[in-house]
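Participant: Have a look at this one.
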Amino acid sequence: MLAQVSTQRREQALKYKHLQGQFCCLKSWLMLQELSGERMSGEWQYNEHGKPYIPDGPYFSISHCKEGIAVAIDDQPIGIDIEGIRHADEELIARVMNEEERVEMDDRMFTRLWTQKEAIVKAEGVGIQSFEQLQDVRCQNSAFRCQTYEQEKYIYSIAHK
């Protein structure tokens with residue numbers, strides 16, 4: 001796959017310590033290129049918050065974790081996040097979830113809310129600046145609609161206009 005991507009993407013993939021992370025980084029880019037056809041040619045640039053984009057290209061979002069890869073492309077701002085269902089300790093829950101969300105929190109609910117929050121901040125182009133910032137990120141208060149799906153041991157959310 002290294003030969004199929006730009007030097008920029010190759011360098012980014014090789015920053016991952018583990019082979020699985022390198023694979024997901026490369027494969028997600030190849031998936032994005034396949035979905036977009038010719039519209040994704042060119043080198044990535046980054047906005048002031050580190051969100052990648054391609055000038056004159058469509059909006060896109062990429063996410064990967066362990067063995068899961070999610071790619072979204074649209075003509076409007078879009079964000080996607082995929083996570084394996086995982087246990088979150090009480091400290092992390094307190095940092096990223098507001099009081100209302102902490103009620104009856106379990107691993108599946110935490111992962112659903114986490115992916116929604118991350119998809120929204122990706123669609124907004126700001127990314128996660130701090131965990132505490134996520135307390136205020138909610139689908140109900142966003143300009144973006146959230147759709148959340150569960151597939152096997154993964155949950156993914158898409159935020160779009």
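Ordered as shown in the structure tokens, chains take letters A, B, and onward, while each chain numbers its residues from 1 and ligands are numbered from 1 in the order shown.
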Near range 100-108 of chain A, within 9 Å and counting only C-alpha atoms, which residues show up once chain neighbours fewer than 6 positions away are dropped, as a PDB file with N, CA, C and O atoms, in the first residue's frame?
Facilitator:
```pdb
ATOM      1  N   ILE A  85     -16.261  -1.101  21.285  1.00  0.00           N
ATOM      2  CA  ILE A  85     -16.945  -0.914  22.571  1.00  0.00           C
ATOM      3  C   ILE A  85     -15.919  -1.198  23.659  1.00  0.00           C
ATOM      4  O   ILE A  85     -15.302  -2.249  23.686  1.00  0.00           O
ATOM      5  N   ARG A  86     -15.727  -0.214  24.521  1.00  0.00           N
ATOM      6  CA  ARG A  86     -14.677  -0.336  25.525  1.00  0.00           C
ATOM      7  C   ARG A  86     -15.138   0.209  26.859  1.00  0.00           C
ATOM      8  O   ARG A  86     -16.064   1.012  26.934  1.00  0.00           O
ATOM      9  N   HIS A  87     -14.446  -0.217  27.872  1.00  0.00           N
ATOM     10  CA  HIS A  87     -14.746   0.251  29.221  1.00  0.00           C
ATOM     11  C   HIS A  87     -14.096   1.615  29.438  1.00  0.00           C
ATOM     12  O   HIS A  87     -12.947   1.828  29.073  1.00  0.00           O
ATOM     13  N   ALA A  88     -14.848   2.518  29.995  1.00  0.00           N
ATOM     14  CA  ALA A  88     -14.312   3.833  30.354  1.00  0.00           C
ATOM     15  C   ALA A  88     -14.326   3.948  31.873  1.00  0.00           C
ATOM     16  O   ALA A  88     -15.337   3.640  32.512  1.00  0.00           O
ATOM     17  N   ILE A  93     -15.125   9.350  32.220  1.00  0.00           N
ATOM     18  CA  ILE A  93     -16.555   9.669  32.087  1.00  0.00           C
ATOM     19  C   ILE A  93     -16.834  11.056  32.652  1.00  0.00           C
ATOM     20  O   ILE A  93     -17.528  11.864  32.025  1.00  0.00           O
ATOM     21  N   ALA A  94     -16.277  11.357  33.806  1.00  0.00           N
ATOM     22  CA  ALA A  94     -16.497  12.665  34.441  1.00  0.00           C
ATOM     23  C   ALA A  94     -15.914  13.794  33.604  1.00  0.00           C
ATOM     24  O   ALA A  94     -16.464  14.899  33.582  1.00  0.00           O
ATOM     25  N   GLN A 135     -17.907  17.815  27.093  1.00  0.00           N
ATOM     26  CA  GLN A 135     -19.099  17.852  27.934  1.00  0.00           C
ATOM     27  C   GLN A 135     -20.222  18.654  27.288  1.00  0.00           C
ATOM     28  O   GLN A 135     -21.391  18.349  27.458  1.00  0.00           O
ATOM     29  N   ILE A 155     -18.913   0.581  17.299  1.00  0.00           N
ATOM     30  CA  ILE A 155     -19.958   1.598  17.169  1.00  0.00           C
ATOM     31  C   ILE A 155     -19.349   2.737  16.359  1.00  0.00           C
ATOM     32  O   ILE A 155     -18.202   3.124  16.594  1.00  0.00           O
TER      33      ILE A 155
END
```
Participant: Neighbouring residues of Gly50 in chain A were defined as those with any atom within 9 Å, considering only C-alpha atoms; residues of the same chain fewer than 2 positions away were excluded. Please report them as an MDAnalysis selection string.
Facilitator: chainID A and resid 45:48 52 125:127
Participant: For Pro77 in chain A, please output as a ChimeraX atom specification all residues within 12 Å (counting only C-alpha atoms; exclusion window: fewer than 5 positions along the same chain).
Facilitator: /A:51,53,57-61,72,119-126,143-145,158-161
Participant: Considering only strand (DSSP E or B) as DSSP defines it on the backbone, what residues of chain A qualify? List them as JSON, numbers by chain.
Facilitator: {"A": [45, 46, 52, 53, 59, 60, 61, 62, 63, 64, 65, 68, 69, 70, 71, 72, 73, 74, 78, 79, 80, 81, 82, 83, 84, 145, 146, 147, 148, 149, 150, 151, 154, 155, 156, 157, 158, 159, 160]}
Participant: Atoms to include: N, CA, C and O atoms. Write the selected residues as a compact mmCIF listing (two decimals), in the first residue's frame.
Facilitator:
```
# COMPACT_ATOMS: atom_id res chain seq x y z
N GLN A 45 -3.92 19.52 3.08
CA GLN A 45 -3.54 20.69 3.86
C GLN A 45 -4.31 20.56 5.17
O GLN A 45 -5.18 19.72 5.30
N TYR A 46 -3.98 21.38 6.13
CA TYR A 46 -4.62 21.29 7.45
C TYR A 46 -5.13 22.66 7.86
O TYR A 46 -4.44 23.67 7.66
N PRO A 52 -7.58 17.75 8.35
CA PRO A 52 -7.08 17.68 6.97
C PRO A 52 -8.17 18.01 5.95
O PRO A 52 -9.35 17.76 6.17
N TYR A 53 -7.74 18.60 4.85
CA TYR A 53 -8.63 18.85 3.72
C TYR A 53 -7.79 18.92 2.46
O TYR A 53 -6.55 19.06 2.52
N TYR A 59 -15.65 17.39 1.07
CA TYR A 59 -15.45 17.23 2.51
C TYR A 59 -15.30 15.74 2.80
O TYR A 59 -15.94 14.92 2.16
N PHE A 60 -14.45 15.43 3.76
CA PHE A 60 -14.27 14.02 4.11
C PHE A 60 -13.87 13.90 5.57
O PHE A 60 -13.45 14.86 6.21
N SER A 61 -14.03 12.71 6.07
CA SER A 61 -13.62 12.39 7.43
C SER A 61 -13.19 10.93 7.45
O SER A 61 -13.81 10.09 6.79
N ILE A 62 -12.14 10.66 8.20
CA ILE A 62 -11.59 9.31 8.32
C ILE A 62 -11.46 8.99 9.80
O ILE A 62 -11.07 9.85 10.59
N SER A 63 -11.74 7.75 10.15
CA SER A 63 -11.51 7.29 11.52
C SER A 63 -11.10 5.83 11.46
O SER A 63 -11.56 5.08 10.60
N HIS A 64 -10.24 5.45 12.39
CA HIS A 64 -9.91 4.03 12.49
C HIS A 64 -9.50 3.70 13.91
O HIS A 64 -9.07 4.56 14.68
N CYS A 65 -9.71 2.46 14.25
CA CYS A 65 -9.34 1.93 15.55
C CYS A 65 -9.05 0.45 15.36
O CYS A 65 -9.64 -0.18 14.48
N GLY A 68 -11.10 -1.57 12.91
CA GLY A 68 -12.22 -0.89 12.29
C GLY A 68 -11.78 0.36 11.54
O GLY A 68 -10.95 1.13 12.03
N ILE A 69 -12.32 0.55 10.35
CA ILE A 69 -12.03 1.72 9.54
C ILE A 69 -13.36 2.31 9.07
O ILE A 69 -14.23 1.57 8.61
N ALA A 70 -13.49 3.63 9.19
CA ALA A 70 -14.69 4.31 8.72
C ALA A 70 -14.28 5.52 7.89
O ALA A 70 -13.38 6.27 8.28
N VAL A 71 -14.93 5.70 6.76
CA VAL A 71 -14.63 6.80 5.85
C VAL A 71 -15.95 7.43 5.42
O VAL A 71 -16.90 6.72 5.10
N ALA A 72 -16.00 8.75 5.43
CA ALA A 72 -17.19 9.46 4.98
C ALA A 72 -16.77 10.58 4.03
O ALA A 72 -15.74 11.21 4.23
N ILE A 73 -17.58 10.80 3.02
CA ILE A 73 -17.30 11.83 2.03
C ILE A 73 -18.62 12.48 1.65
O ILE A 73 -19.65 11.81 1.55
N ASP A 74 -18.61 13.82 1.49
CA ASP A 74 -19.84 14.53 1.18
C ASP A 74 -19.50 15.89 0.56
O ASP A 74 -18.35 16.32 0.60
N ILE A 78 -18.62 17.07 7.11
CA ILE A 78 -19.00 15.76 7.63
C ILE A 78 -17.94 15.29 8.62
O ILE A 78 -16.77 15.66 8.51
N GLY A 79 -18.36 14.51 9.60
CA GLY A 79 -17.44 13.93 10.56
C GLY A 79 -17.84 12.50 10.83
O GLY A 79 -19.03 12.16 10.81
N ILE A 80 -16.86 11.63 11.07
CA ILE A 80 -17.14 10.24 11.38
C ILE A 80 -16.17 9.77 12.45
O ILE A 80 -15.02 10.23 12.51
N ASP A 81 -16.65 8.89 13.32
CA ASP A 81 -15.78 8.28 14.32
C ASP A 81 -16.21 6.84 14.52
O ASP A 81 -17.41 6.54 14.54
N ILE A 82 -15.24 5.95 14.66
CA ILE A 82 -15.50 4.55 14.95
C ILE A 82 -14.66 4.15 16.15
O ILE A 82 -13.51 4.57 16.29
N GLU A 83 -15.26 3.38 17.04
CA GLU A 83 -14.58 2.90 18.23
C GLU A 83 -15.06 1.49 18.54
O GLU A 83 -16.23 1.17 18.33
N GLY A 84 -14.16 0.70 19.07
CA GLY A 84 -14.57 -0.58 19.64
C GLY A 84 -15.26 -0.31 20.96
O GLY A 84 -14.92 0.65 21.67
N ARG A 145 -26.61 16.72 12.25
CA ARG A 145 -27.40 15.56 12.66
C ARG A 145 -26.45 14.40 12.91
O ARG A 145 -25.46 14.25 12.19
N CYS A 146 -26.77 13.59 13.88
CA CYS A 146 -25.93 12.42 14.19
C CYS A 146 -26.70 11.15 13.87
O CYS A 146 -27.89 11.04 14.19
N GLN A 147 -26.00 10.23 13.26
CA GLN A 147 -26.53 8.88 13.07
C GLN A 147 -25.50 7.94 13.66
O GLN A 147 -24.30 8.06 13.36
N THR A 148 -25.96 7.01 14.48
CA THR A 148 -25.06 6.09 15.16
C THR A 148 -25.47 4.67 14.82
O THR A 148 -26.66 4.34 14.81
N TYR A 149 -24.47 3.84 14.57
CA TYR A 149 -24.69 2.46 14.17
C TYR A 149 -23.81 1.54 15.00
O TYR A 149 -22.71 1.92 15.40
N GLU A 150 -24.30 0.33 15.21
CA GLU A 150 -23.51 -0.70 15.88
C GLU A 150 -23.35 -1.85 14.91
O GLU A 150 -24.30 -2.27 14.26
N GLN A 151 -22.12 -2.32 14.81
CA GLN A 151 -21.84 -3.45 13.95
C GLN A 151 -20.81 -4.33 14.65
O GLN A 151 -19.69 -3.88 14.89
N TYR A 154 -18.20 -2.94 17.22
CA TYR A 154 -17.87 -1.55 16.97
C TYR A 154 -19.12 -0.67 16.95
O TYR A 154 -20.20 -1.12 16.60
N ILE A 155 -18.91 0.58 17.30
CA ILE A 155 -19.96 1.60 17.17
C ILE A 155 -19.35 2.74 16.36
O ILE A 155 -18.20 3.12 16.59
N TYR A 156 -20.12 3.25 15.39
CA TYR A 156 -19.64 4.41 14.66
C TYR A 156 -20.77 5.41 14.49
O TYR A 156 -21.94 5.06 14.45
N SER A 157 -20.36 6.67 14.46
CA SER A 157 -21.31 7.77 14.32
C SER A 157 -20.86 8.68 13.19
O SER A 157 -19.67 8.90 12.98
N ILE A 158 -21.87 9.21 12.50
CA ILE A 158 -21.65 10.16 11.40
C ILE A 158 -22.38 11.44 11.76
O ILE A 158 -23.56 11.40 12.13
N ALA A 159 -21.70 12.58 11.66
CA ALA A 159 -22.32 13.89 11.86
C ALA A 159 -22.32 14.60 10.51
O ALA A 159 -21.28 14.71 9.86
N HIS A 160 -23.50 15.05 10.09
CA HIS A 160 -23.62 15.69 8.78
C HIS A 160 -24.73 16.71 8.81
O HIS A 160 -25.56 16.74 9.71
```
Participant: Give the helix (DSSP H, G or I) residues of chain A, as assigned by DSSP on the backbone, as a PyMOL selection string.
Facilitator: chain A and resi 2-4+7-14+19-40+90-96+99-102+107-124+132-136+139-141
Participant: Find, counting only C-alpha atoms, the residue in A:Glu118, A:Asp136, A:Asp75, A:Glu34 that gets nearest to Glu99 in chain A.
Facilitator: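 Of the candidates, the smallest distance to Glu99 in chain A is held by A:Asp136.
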Participant: Check which residues of range 28-85 of chain A sit at most 9 Å from range 6-22 of chain A using only C-alpha atoms, and return one row each with the closest pair of atoms and their distance in Å to one decimal, ordered by chain and rising number, as CSV.
Facilitator:
```
residue,atom,partner,partner_atom,distance
A:Trp29,CA,A:Arg9,CA,7.9
A:Gly42,CA,A:Ser6,CA,8.7
A:Glu43,CA,A:Gln8,CA,7.3
A:Trp44,CA,A:Gln8,CA,7.8
A:His64,CA,A:Gly21,CA,8.1
A:Cys65,CA,A:Gly21,CA,7.6
A:Lys66,CA,A:Gln20,CA,6.7
A:Glu67,CA,A:Gln20,CA,7.5
```
Participant: Those residues you just picked out, can you put them in a file as a PDB file, in the first residue's frame with N, CA and C atoms?
Facilitator:
```
ATOM      1  N   TRP A  29      -7.067   5.828   3.669  1.00  0.00           N
ATOM      2  CA  TRP A  29      -6.811   6.782   2.587  1.00  0.00           C
ATOM      3  C   TRP A  29      -7.154   6.161   1.242  1.00  0.00           C
ATOM      4  N   GLY A  42      -4.357  15.404  -5.060  1.00  0.00           N
ATOM      5  CA  GLY A  42      -3.665  16.526  -4.441  1.00  0.00           C
ATOM      6  C   GLY A  42      -3.188  16.210  -3.036  1.00  0.00           C
ATOM      7  N   GLU A  43      -2.367  17.077  -2.519  1.00  0.00           N
ATOM      8  CA  GLU A  43      -1.812  16.911  -1.181  1.00  0.00           C
ATOM      9  C   GLU A  43      -2.775  17.483  -0.145  1.00  0.00           C
ATOM     10  N   TRP A  44      -2.766  16.864   1.015  1.00  0.00           N
ATOM     11  CA  TRP A  44      -3.574  17.367   2.116  1.00  0.00           C
ATOM     12  C   TRP A  44      -3.010  18.680   2.601  1.00  0.00           C
ATOM     13  N   HIS A  64     -10.236   5.449  12.389  1.00  0.00           N
ATOM     14  CA  HIS A  64      -9.908   4.027  12.491  1.00  0.00           C
ATOM     15  C   HIS A  64      -9.498   3.703  13.913  1.00  0.00           C
ATOM     16  N   CYS A  65      -9.714   2.459  14.254  1.00  0.00           N
ATOM     17  CA  CYS A  65      -9.342   1.931  15.548  1.00  0.00           C
ATOM     18  C   CYS A  65      -9.052   0.451  15.359  1.00  0.00           C
ATOM     19  N   LYS A  66      -8.167  -0.082  16.098  1.00  0.00           N
ATOM     20  CA  LYS A  66      -7.781  -1.493  15.978  1.00  0.00           C
ATOM     21  C   LYS A  66      -8.051  -2.065  14.603  1.00  0.00           C
ATOM     22  N   GLU A  67      -9.170  -2.742  14.433  1.00  0.00           N
ATOM     23  CA  GLU A  67      -9.478  -3.381  13.154  1.00  0.00           C
ATOM     24  C   GLU A  67     -10.626  -2.710  12.419  1.00  0.00           C
TER      25      GLU A  67
END
```
